[in-house]
$ cat input.txt   # compact mmCIF, C-alpha atoms
# COMPACT_ATOMS: atom_id res chain seq x y z
CA MET A 1 2.65 -6.46 3.28
CA SER A 2 0.55 -4.06 5.28
CA ASP A 3 0.15 -0.49 6.28
CA ALA A 4 1.86 0.63 9.47
CA LEU A 5 -0.93 -0.08 11.94
CA SER A 6 0.59 -1.95 14.86
CA ARG A 7 -2.32 -4.40 14.96
CA ASN A 8 -1.32 -5.60 11.47
CA VAL A 9 1.92 -7.07 12.79
CA PRO A 10 1.45 -10.57 14.21
CA LYS A 11 3.04 -11.51 17.50
CA LEU A 12 5.58 -14.19 16.72
CA PRO A 13 7.10 -16.78 19.03
CA ALA A 14 10.73 -16.32 20.07
CA GLY A 15 13.20 -17.23 17.35
CA VAL A 16 10.77 -16.69 14.47
CA GLU A 17 11.60 -13.90 12.08
CA MET A 18 9.38 -12.24 9.53
CA LEU A 19 10.07 -10.04 6.52
CA LEU A 20 7.71 -7.12 6.89
CA ALA A 21 6.92 -5.08 3.82
CA ARG A 22 5.09 -1.80 4.12
CA CYS A 23 2.77 -0.39 1.49
CA LEU A 24 4.46 2.42 -0.42
CA ALA A 25 1.04 3.70 -1.53
CA HIS A 26 0.18 4.40 2.11
CA GLY A 27 3.37 6.43 2.44
CA ARG A 28 2.60 8.26 -0.79
CA ARG A 29 -0.92 9.00 0.39
CA GLN A 30 0.48 10.86 3.41
CA PHE A 31 1.97 13.42 1.02
CA VAL A 32 -1.06 13.61 -1.24
CA GLU A 33 -3.15 14.61 1.79
CA VAL A 34 -0.89 17.57 2.68
CA ALA A 35 0.11 18.62 -0.85
CA GLN A 36 -2.17 21.65 -0.84
CA ASN A 37 -0.31 23.14 2.15
CA PHE A 38 3.22 22.08 1.12
CA PRO A 39 3.13 21.96 -2.69
CA ASP A 40 6.85 22.15 -3.49
CA GLN A 41 8.02 19.60 -0.94
CA CYS A 42 5.20 17.19 -1.73
CA ARG A 43 5.77 17.56 -5.46
CA TYR A 44 9.37 16.37 -5.00
CA VAL A 45 8.32 13.30 -2.98
CA LEU A 46 5.39 12.43 -5.26
CA GLU A 47 7.43 12.82 -8.44
CA THR A 48 10.20 10.63 -7.02
CA LEU A 49 7.74 7.92 -6.00
CA GLY A 50 6.04 8.29 -9.39
CA LYS A 51 9.34 7.47 -11.10
CA VAL A 52 9.74 4.38 -8.90
CA TYR A 53 6.22 3.24 -9.82
CA GLY A 54 7.09 3.93 -13.45
CA TYR A 55 10.08 1.63 -13.20
CA ASP A 56 7.90 -1.04 -11.62
CA ALA A 57 5.41 -0.74 -14.49
CA GLU A 58 8.27 -1.00 -16.98
CA ALA A 59 9.52 -4.16 -15.25
CA ARG A 60 6.02 -5.66 -15.53
CA GLU A 61 5.71 -4.69 -19.20
CA ARG A 62 9.03 -6.32 -19.95
CA GLY A 63 7.89 -9.50 -18.19
CA LEU A 64 10.95 -9.58 -15.94
CA SER A 65 11.38 -12.49 -13.55
CA PRO A 66 11.38 -11.62 -9.83
CA GLU A 67 15.19 -11.69 -9.73
CA GLU A 68 15.47 -9.54 -12.86
CA ARG A 69 12.90 -7.12 -11.43
CA LEU A 70 14.95 -6.88 -8.22
CA ARG A 71 18.13 -6.07 -10.17
CA PHE A 72 16.19 -3.58 -12.32
CA HIS A 73 14.89 -1.77 -9.22
CA GLN A 74 18.31 -1.84 -7.61
CA GLU A 75 19.78 -0.23 -10.70
CA HIS A 76 17.05 2.35 -11.36
CA SER A 77 14.96 2.86 -8.20
CA GLN A 78 17.66 2.50 -5.54
CA PRO A 79 19.42 5.80 -6.43
CA LEU A 80 16.07 7.63 -6.38
CA MET A 81 15.09 6.14 -3.03
CA ASP A 82 18.54 6.88 -1.53
CA LYS A 83 18.27 10.50 -2.66
CA LEU A 84 14.71 10.72 -1.29
CA HIS A 85 15.82 9.28 2.06
CA ALA A 86 18.61 11.86 2.33
CA TRP A 87 16.15 14.62 1.45
CA LEU A 88 13.67 13.42 4.08
CA GLU A 89 16.33 13.35 6.80
CA ALA A 90 17.62 16.79 5.76
CA GLN A 91 14.15 18.30 6.25
CA PHE A 92 14.45 17.70 10.00
CA ALA A 93 18.24 17.96 10.38
CA GLU A 94 18.33 21.37 8.68
CA ARG A 95 15.10 22.45 10.41
CA LYS A 96 13.31 23.03 7.10
CA THR A 97 10.18 21.26 8.30
CA GLU A 98 8.40 21.32 11.65
CA PRO A 99 7.99 17.70 12.86
CA ASN A 100 4.46 18.39 14.13
CA SER A 101 3.22 19.85 10.83
CA GLY A 102 1.32 17.77 8.31
CA LEU A 103 4.45 17.54 6.17
CA GLY A 104 6.52 16.61 9.20
CA LYS A 105 4.14 13.78 10.05
CA ALA A 106 4.25 12.50 6.46
CA ILE A 107 8.05 12.58 6.50
CA THR A 108 8.12 10.85 9.89
CA TYR A 109 5.86 8.10 8.51
CA LEU A 110 8.27 7.39 5.65
CA LEU A 111 11.37 7.53 7.83
CA ARG A 112 9.90 5.39 10.59
CA HIS A 113 8.88 2.66 8.12
CA TRP A 114 11.68 3.05 5.57
CA LYS A 115 13.01 -0.51 5.91
CA GLY A 116 9.60 -2.03 5.15
CA LEU A 117 8.76 0.52 2.47
CA THR A 118 11.97 -0.30 0.58
CA LEU A 119 11.85 -4.09 0.90
CA PHE A 120 11.27 -4.25 -2.87
CA LEU A 121 14.93 -3.16 -3.22
CA ARG A 122 16.19 -6.17 -1.21
CA GLU A 123 13.75 -9.02 -1.84
CA ALA A 124 12.92 -10.41 -5.28
CA GLN A 125 9.17 -10.86 -4.86
CA ALA A 126 8.36 -7.93 -2.60
CA PRO A 127 5.72 -5.66 -4.16
CA LEU A 128 5.73 -1.87 -3.89
CA ASP A 129 2.24 -1.81 -2.42
CA ASN A 130 -0.81 -3.91 -1.65
CA ASN A 131 -3.30 -1.91 -3.71
CA LEU A 132 -4.51 -4.98 -5.58
CA VAL A 133 -5.52 -6.74 -2.35
CA GLU A 134 -7.02 -3.59 -0.87
CA ARG A 135 -9.17 -3.01 -3.94
CA ALA A 136 -10.46 -6.58 -3.75
CA LEU A 137 -11.24 -6.23 -0.05
CA LYS A 138 -12.91 -2.88 -0.58
CA ARG A 139 -15.12 -4.37 -3.29
CA ALA A 140 -16.12 -7.22 -0.95
CA VAL A 141 -16.90 -4.82 1.90
CA LEU A 142 -18.92 -2.49 -0.32
CA HIS A 143 -20.96 -5.37 -1.74
CA ARG A 144 -21.63 -7.00 1.61
CA ASN A 145 -24.00 -4.16 2.49
CA TYR A 146 -26.13 -4.97 -0.54
CA VAL A 147 -25.86 -8.74 -0.79
CA TYR A 148 -26.31 -9.73 2.86
CA PRO A 149 -29.62 -7.88 3.48
CA ALA A 150 -31.09 -9.29 0.25
CA ILE A 151 -30.20 -12.83 1.31
CA MET A 152 -31.61 -12.29 4.79
CA ARG A 153 -34.90 -10.94 3.39
CA ARG A 154 -35.31 -14.04 1.22
CA TRP A 155 -34.36 -16.25 4.11
CA THR A 156 -36.86 -14.78 6.54
CA ASN A 157 -39.68 -14.30 3.98
CA HIS A 158 -39.52 -17.80 2.55
CA GLY A 159 -38.97 -20.15 5.43
CA GLY A 160 -35.34 -19.91 6.43
CA ILE A 161 -32.29 -21.74 5.25
CA GLY A 162 -34.19 -23.81 2.67
CA SER A 163 -34.60 -20.74 0.49
CA LEU A 164 -31.11 -19.43 1.12
CA GLN A 165 -29.37 -22.31 -0.63
CA PRO A 166 -31.28 -22.18 -3.95
CA SER A 167 -31.01 -18.40 -4.18
CA CYS A 168 -27.30 -18.63 -3.47
CA ARG A 169 -26.88 -21.33 -6.11
CA LYS A 170 -28.86 -19.34 -8.65
CA LYS A 171 -27.27 -15.94 -8.10
CA TRP A 172 -23.65 -16.83 -7.27
CA ASN A 173 -23.28 -20.40 -8.54
CA CYS A 174 -22.74 -21.70 -5.01
CA THR A 175 -22.69 -25.47 -4.54

$ encode --input "input.txt" --output "C-alpha cells"
Amino acid sequence: MSDALSRNVPKLPAGVEMLLARCLAHGRRQFVEVAQNFPDQCRYVLETLGKVYGYDAEARERGLSPEERLRFHQEHSQPLMDKLHAWLEAQFAERKTEPNSGLGKAITYLLRHWKGLTLFLREAQAPLDNNLVERALKRAVLHRNYVYPAIMRRWTNHGGIGSLQPSCRKKWNCT
C-alpha cells in the first residue's frame, strides 16, 4: 500500500510478482484540492468515495472477517466504483474536462492507478487507504524535531553517552 510515487515501488527480480495497492485517500485528496474550482464534478467523486468509506466503516462495525468484508464490498462498493470509473472515462471521452486542468489531473490520477486503488474489491485483506500508517509516521516525524535536540543537549552538557542512556530510560522506558 502506497501512494503513486514511483520511488515507492520496489524493483523486483524477474519472476517475482507483487500485489500493489494504492491509497484511495490520496486519490480522494486530488479532488478535495480542486473542489473550489470544479464543485459539481468533485462533489460527485467525493460523495461516491464517501459512500465506499461508509461501507468500509459498516463492515468494521459489523466485525466482518476479511472474506466477508470482501464480499460486502463487492456487493455494495463495486457498483459505485464501476459507475465512478465510467464517469471518469466519460469526462475525457466526451470532452467535458480538459486533461491539463486541475480536475483533469485528478481524474488522470484515479484512472492511471485504478487497479491499485480498487484492490480492496479483489483481495480480502486489502485496505482502502494507509491513513493509519501515515498518521503514525507523521507523529514520529513531528516529534523527532522536539525529542532529538533535547537528547543531544543532555548528551553534550553532561558528558556524552553516559547521560543519554539514563535519560532515555527515565523518559521513554528504554532498556

$ atom_distance --input "input.txt" --atom1 "CA of Glu58 (chain A)" --atom2 "CA of Ala126 (chain A)"
16.0 Å

$ atom_distance --input "input.txt" --atom1 "CA of Ala21 (chain A)" --atom2 "CA of Glu98 (chain A)"
27.6 Å

$ atom_distance --input "input.txt" --atom1 "CA of Glu89 (chain A)" --atom2 "CA of Arg71 (chain A)"
25.9 Å

$ residues_around --input "input.txt" --residues "Phe31 (chain A)" --least-positions-apart "4" --cutoff "6 Å" --atoms "all atoms listed in the file" --output "ChimeraX atom specification"
/A:35,42,106

$ closest_residue --input "input.txt" --among "A:His113, A:Arg122, A:Lys51, A:Arg69" --to "Cys23 (chain A)" --atoms "all atoms listed in the file"
A:His113

$ closest_residue --input "input.txt" --among "A:Val32, A:Gln41, A:Leu132, A:Ile107" --to "His85 (chain A)" --atoms "only C-alpha atoms"
A:Ile107

$ residues_around --input "input.txt" --residues "Gly116 (chain A)" --least-positions-apart "2" --cutoff "6 Å" --atoms "all atoms listed in the file" --output "PyMOL selection string"
chain A and resi 20-22+113-114+118-119

$ closest_residue --input "input.txt" --among "A:Leu88, A:Leu46, A:Leu70, A:Met81" --to "Tyr109 (chain A)" --atoms "all atoms listed in the file"
A:Leu88

$ closest_residue --input "input.txt" --among "A:Asp56, A:Ala14, A:Asn37, A:Leu84" --to "Leu110 (chain A)" --atoms "only C-alpha atoms"
A:Leu84

$ decode --input "input.txt" --residues "region 97-112 of chain A" --atoms "all heavy atoms" --output "tab-separated table (two decimals), in the first residue's frame"
chain	number	residue	atom	x	y	z
A	97	THR	N	-14.02	17.56	-19.77
A	97	THR	CA	-12.94	18.05	-18.90
A	97	THR	C	-11.65	18.13	-19.68
A	97	THR	O	-11.31	17.21	-20.43
A	97	THR	CB	-12.75	17.08	-17.70
A	97	THR	OG1	-13.98	17.00	-16.98
A	97	THR	CG2	-11.66	17.57	-16.77
A	98	GLU	N	-10.94	19.22	-19.51
A	98	GLU	CA	-9.63	19.41	-20.13
A	98	GLU	C	-8.60	18.60	-19.34
A	98	GLU	O	-8.47	18.78	-18.12
A	98	GLU	CB	-9.26	20.90	-20.10
A	98	GLU	CG	-7.85	21.21	-20.53
A	98	GLU	CD	-7.56	20.82	-21.96
A	98	GLU	OE1	-8.44	20.99	-22.82
A	98	GLU	OE2	-6.43	20.32	-22.19
A	99	PRO	N	-7.86	17.70	-20.01
A	99	PRO	CA	-6.89	16.86	-19.29
A	99	PRO	C	-5.82	17.64	-18.51
A	99	PRO	O	-5.32	17.14	-17.50
A	99	PRO	CB	-6.24	16.03	-20.40
A	99	PRO	CG	-7.25	16.02	-21.50
A	99	PRO	CD	-7.96	17.34	-21.41
A	100	ASN	N	-5.49	18.84	-18.95
A	100	ASN	CA	-4.45	19.62	-18.27
A	100	ASN	C	-4.97	20.47	-17.12
A	100	ASN	O	-4.18	21.12	-16.43
A	100	ASN	CB	-3.71	20.51	-19.27
A	100	ASN	CG	-2.90	19.70	-20.24
A	100	ASN	OD1	-2.37	18.64	-19.88
A	100	ASN	ND2	-2.82	20.15	-21.48
A	101	SER	N	-6.28	20.49	-16.92
A	101	SER	CA	-6.85	21.27	-15.81
A	101	SER	C	-6.61	20.53	-14.51
A	101	SER	O	-6.21	19.36	-14.48
A	101	SER	CB	-8.35	21.45	-16.04
A	101	SER	OG	-9.03	20.21	-15.91
A	102	GLY	N	-6.87	21.19	-13.40
A	102	GLY	CA	-6.74	20.54	-12.11
A	102	GLY	C	-7.65	19.33	-11.99
A	102	GLY	O	-7.24	18.27	-11.49
A	103	LEU	N	-8.88	19.46	-12.48
A	103	LEU	CA	-9.81	18.33	-12.46
A	103	LEU	C	-9.30	17.21	-13.37
A	103	LEU	O	-9.35	16.04	-13.00
A	103	LEU	CB	-11.20	18.78	-12.89
A	103	LEU	CG	-12.27	17.68	-12.93
A	103	LEU	CD1	-12.48	17.06	-11.55
A	103	LEU	CD2	-13.58	18.25	-13.47
A	104	GLY	N	-8.80	17.58	-14.52
A	104	GLY	CA	-8.26	16.58	-15.45
A	104	GLY	C	-7.12	15.80	-14.84
A	104	GLY	O	-7.01	14.58	-15.01
A	105	LYS	N	-6.26	16.49	-14.12
A	105	LYS	CA	-5.13	15.81	-13.47
A	105	LYS	C	-5.61	14.88	-12.36
A	105	LYS	O	-5.07	13.79	-12.17
A	105	LYS	CB	-4.13	16.83	-12.94
A	105	LYS	CG	-3.39	17.54	-14.07
A	105	LYS	CD	-2.47	18.62	-13.55
A	105	LYS	CE	-1.82	19.34	-14.74
A	105	LYS	NZ	-0.95	20.42	-14.31
A	106	ALA	N	-6.63	15.30	-11.62
A	106	ALA	CA	-7.19	14.44	-10.57
A	106	ALA	C	-7.83	13.20	-11.19
A	106	ALA	O	-7.65	12.08	-10.68
A	106	ALA	CB	-8.21	15.22	-9.74
A	107	ILE	N	-8.56	13.38	-12.28
A	107	ILE	CA	-9.17	12.24	-12.97
A	107	ILE	C	-8.10	11.31	-13.51
A	107	ILE	O	-8.20	10.09	-13.37
A	107	ILE	CB	-10.11	12.74	-14.09
A	107	ILE	CG1	-11.34	13.42	-13.49
A	107	ILE	CG2	-10.50	11.60	-15.02
A	107	ILE	CD1	-12.22	14.13	-14.51
A	108	THR	N	-7.07	11.88	-14.11
A	108	THR	CA	-5.97	11.08	-14.65
A	108	THR	C	-5.31	10.25	-13.56
A	108	THR	O	-4.97	9.09	-13.76
A	108	THR	CB	-4.93	11.99	-15.34
A	108	THR	OG1	-5.58	12.67	-16.42
A	108	THR	CG2	-3.75	11.19	-15.87
A	109	TYR	N	-5.13	10.84	-12.38
A	109	TYR	CA	-4.54	10.12	-11.25
A	109	TYR	C	-5.36	8.88	-10.93
A	109	TYR	O	-4.83	7.78	-10.78
A	109	TYR	CB	-4.43	11.04	-10.03
A	109	TYR	CG	-3.78	10.40	-8.84
A	109	TYR	CD1	-2.42	10.54	-8.61
A	109	TYR	CD2	-4.51	9.65	-7.93
A	109	TYR	CE1	-1.80	9.95	-7.51
A	109	TYR	CE2	-3.92	9.05	-6.83
A	109	TYR	CZ	-2.56	9.21	-6.62
A	109	TYR	OH	-1.96	8.61	-5.55
A	110	LEU	N	-6.68	9.04	-10.80
A	110	LEU	CA	-7.53	7.90	-10.47
A	110	LEU	C	-7.50	6.85	-11.58
A	110	LEU	O	-7.37	5.66	-11.31
A	110	LEU	CB	-8.97	8.34	-10.23
A	110	LEU	CG	-9.30	9.03	-8.92
A	110	LEU	CD1	-10.81	9.22	-8.78
A	110	LEU	CD2	-8.78	8.28	-7.72
A	111	LEU	N	-7.61	7.29	-12.83
A	111	LEU	CA	-7.63	6.33	-13.93
A	111	LEU	C	-6.30	5.60	-14.07
A	111	LEU	O	-6.28	4.38	-14.29
A	111	LEU	CB	-7.99	7.04	-15.24
A	111	LEU	CG	-9.42	7.53	-15.37
A	111	LEU	CD1	-9.60	8.35	-16.63
A	111	LEU	CD2	-10.40	6.36	-15.33
A	112	ARG	N	-5.22	6.31	-13.93
A	112	ARG	CA	-3.89	5.71	-14.08
A	112	ARG	C	-3.63	4.65	-13.01
A	112	ARG	O	-2.96	3.66	-13.26
A	112	ARG	CB	-2.82	6.79	-14.03
A	112	ARG	CG	-1.42	6.22	-14.25
A	112	ARG	CD	-0.37	7.30	-14.28
A	112	ARG	NE	-0.59	8.13	-15.46
A	112	ARG	CZ	-0.39	9.45	-15.51
A	112	ARG	NH1	0.03	10.09	-14.45
A	112	ARG	NH2	-0.60	10.12	-16.62
